[in-house]
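**Student:** I am attaching a structure below and will ask some questions about it afterwards.
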Amino acid sequence: MGIVFRQSAKSTIVVAMGALLGALIIWLSTAYNTKQQLGFTRNLVNYALTVSQLLLLGLHSTLVVFIHKYADNERKRKLLISLAVFIPTLVAAVFTVGYAFCKTWILKHFQPADIPFMERYFMWLPVFTLLFVYMLVFEQYLGSQMKVAVSAFMREVVLRVANIILLLLFGFGYVDFDVLVVGTVLIYMLPVTLFLILSFRIKEFGFSFDLKSFSREEYKEIVHFSWYHFLLSISFLMMSYMDALTLPFYDHSGFSSLAVYGVAVFLISFMQLPSKALVPASFTVLAKAFNDNDMDKARDIFVRASINIFIPSVAMALILICNLDNAVAVIKNGYGEIVPIFLILFIGRLFDLATGMNDQVLSIAKYYKFNFYLSLILIVFLFLMIRFLVPQYGIYGAAWSTTITLVFFNIAKFLFVWKKLAMQPFSSKTILVLIAAIPALAAGYFFPHFFDQGHHVYIRSFMDAALRSLIVVIVYALMLLWLKPSNDLQEYIATIRKDKRLF
């Protein structure tokens, strides 16, 4: 786990920078956009991400796993890369035709006040979707080559800096909303171009159209693996985004409600920052262990990665909970509902993070079909809950629907992986992490407000958040050093002391 931990340390810094930039984007978006405008742009992003997963057909997951299988065969490796890039491109062309043909039917599902937004920018969705496809494929390839930190920097920092510049131009009146929307789509050309350049710098990267490089049996294996991972990725995505995707349909406030809900979801996404940094590098090593049939090593990686993900995830959760009032004070503009929505979503997200890398294990083990069938059942359950609760309770109904489904989903995965693979993420060390969190939460939550938000609200809120977060981190870190729940963390700290550098 040494290289994994060092790669993850690099990625953590990059992802944290991206999170701060993302927070700035949210603040600028709420300051310069109406709720309806913000809700529309979030809706456009959500649908582009969802449709891109459909167009990928699971080939990006196949690329990550099979690239190691063909590491010593240049023709097969390059053909695999070509299939992952060009098949989704062809499917995207077919999708665009069908999407344009169904325009009238699609538009009638939105609230009357929101239809003009959808109609005006209707054909930008296929463009946005294709850019997402290319970004995901090349990022997955770079991750398989242990270039996690570099690709994360391009996506988390470069892309968001470009987005901030665009929002500032809009906020100061240099561009109108049309340019903001189109620019939000086209700036994704930047990470796609950079990812492609980085990929070509890797000697093993390239394209091949020699279709005879794979045997019939190999094609069957690739199709079989891709198909189930396609279904799996779609099911996971629908579970993650169905609330946001359907909210404009069933909530009478449409995009305006989605704006508030989207801010709460963004705050929840901070809890996933540690897993975004740790999982890609761990997944590569875990996939290799499964490919080598080294189950002892796979179990060791799974257990260690689970606790290493849980520790910083809890830290992030503590910081967020203790600073919700500061977030509301900074955003203002009628976004007070984000606090209860956040707390509802928090329950499901913490449970999801606590159960470790069950999704990754099932995706590379022979039991990955289970994930699909389970998620398929729960998608129907989630949709029925949303259809029933959202018209009555609005965004609160969407939040509870998502949380309840997420808890059931993770309980089922946990029990299945434990039974079939003898892997489970919980141990006495998990309890030690929770014990360490209690005094940190108390210290941060009950720490007095030294800064009055009545005047200079931004400066005072940021000062309070910085001080409160520092208190949380110090108390939590001291408790972790005392309780020692992670051997990898202890070894990493020892390495820092010895080498005087982070990685």
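Residues in the structure tokens are named by chain (A, B, ... in the order shown) and by number from 1 within that chain; ligands are numbered from 1 in the order shown.
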Write out as a PDB file with C-alpha atoms, in the first residue's frame each polymer residue whose atoms come within 8 Å of Phe383 in chain A, counting only C-alpha atoms; drop sequence neighbours fewer than 4 positions from it.

**Tutor:**
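Heads up, here's the output in out-v1.pdb:
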```pdb
ATOM      1  CA  MET A 242     -32.292  10.068  -9.800  1.00  0.00           C
ATOM      2  CA  ILE A 379     -33.811   1.875  -8.477  1.00  0.00           C
ATOM      3  CA  ARG A 387     -42.764   9.742  -7.210  1.00  0.00           C
TER       4      ARG A 387
END
```

**Student:** Compare A:Gln36, A:Thr30, A:Asn308, A:Ser427 by their minimum atom-to-atom distance to Leu480 in chain A, counting only C-alpha atoms, and give me the closest one.

**Tutor:**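 Checking each candidate against Leu480 in chain A, we get A:Asn308 as the closest.
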
**Student:** Can you pull out every residue from range 364-486 of chain A that DSSP, working from the backbone, puts in helix (DSSP H, G or I), and format the result as a PyMOL selection string?

**Tutor:** chain A and resi 364+368-393+395-421+428-445+457-483

**Student:** Tell me, as a PDB file with N, CA and C atoms, in the first residue's frame, which residues lie within 8 Å of Ile341 in chain A, counting only C-alpha atoms; anything in the same chain fewer than 5 positions away does not count.

**Tutor:**
```pdb
ATOM      1  N   TYR A 261     -31.443  22.206  -3.781  1.00  0.00           N
ATOM      2  CA  TYR A 261     -31.057  20.805  -3.582  1.00  0.00           C
ATOM      3  C   TYR A 261     -29.628  20.570  -4.066  1.00  0.00           C
ATOM      4  N   ALA A 264     -27.021  21.676  -1.500  1.00  0.00           N
ATOM      5  CA  ALA A 264     -26.911  20.700  -0.415  1.00  0.00           C
ATOM      6  C   ALA A 264     -26.132  19.464  -0.870  1.00  0.00           C
ATOM      7  N   ILE A 395     -38.221  18.913  -1.908  1.00  0.00           N
ATOM      8  CA  ILE A 395     -36.822  18.485  -1.812  1.00  0.00           C
ATOM      9  C   ILE A 395     -36.560  17.614  -0.593  1.00  0.00           C
ATOM     10  N   TYR A 396     -37.369  17.748   0.462  1.00  0.00           N
ATOM     11  CA  TYR A 396     -37.213  16.881   1.628  1.00  0.00           C
ATOM     12  C   TYR A 396     -37.572  15.436   1.274  1.00  0.00           C
ATOM     13  N   ALA A 399     -34.665  13.958  -0.621  1.00  0.00           N
ATOM     14  CA  ALA A 399     -33.532  13.641   0.249  1.00  0.00           C
ATOM     15  C   ALA A 399     -33.766  12.358   1.032  1.00  0.00           C
TER      16      ALA A 399
END
```

**Student:** Would you please work out which residue, of A:Pro126, A:Pro425, A:Gly394, A:Gly262, is nearest to Leu38 in chain A when using only C-alpha atoms?

**Tutor:**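 Under the stated criterion, the closest residue is A:Gly262.
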
**Student:** Name the residues in contact with Asp359 in chain A at a cut-off of 10 Å, using only C-alpha atoms, excluding same-chain residues fewer than 5 positions from it; report them as number ranges by chain.

**Tutor:** A: 232, 236, 364, 368, 371, 410, 413-414, 417

**Student:** Need the shell around Tyr228 in chain A: protein/DNA/RNA residues with any atom at most 10 Å away, counting only C-alpha atoms. Skip same-chain ones fewer than 3 positions apart. Format as an MDAnalysis selection string?

**Tutor:** chainID A and resid 57:58 223:225 231:234 363 368:369 371:372

**Student:** Tell me which of A:Leu376, A:Val179, A:Leu318, A:Ile164 sits closest to Ile25 in chain A, counting only C-alpha atoms.

**Tutor:**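 Of A:Leu376, A:Val179, A:Leu318, A:Ile164, the one nearest Ile25 in chain A, counting only C-alpha atoms, is A:Ile164.
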
**Student:** Using only C-alpha atoms, which of the listed residues (A:Leu481, A:Val472, A:Val182, A:Ala422) sits closest to Phe446 in chain A?

**Tutor:**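 Distance minimum relative to Phe446 in chain A lands on A:Val472.
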
**Student:** Please list as a list of chain:residue names every residue within 8 Å of Cys322 in chain A, counting only C-alpha atoms and excluding residues in the same chain fewer than 5 positions away.

**Tutor:** A:Leu441, A:Gly444, A:Tyr445, A:Arg468, A:Ser469

**Student:** In terms of the shortest atom-to-atom distance over only C-alpha atoms, which of A:Met238, A:Leu353, A:Pro191, A:Leu180 is closest to Phe153 in chain A?

**Tutor:**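 So, comparing all the options, the nearest one is A:Pro191.
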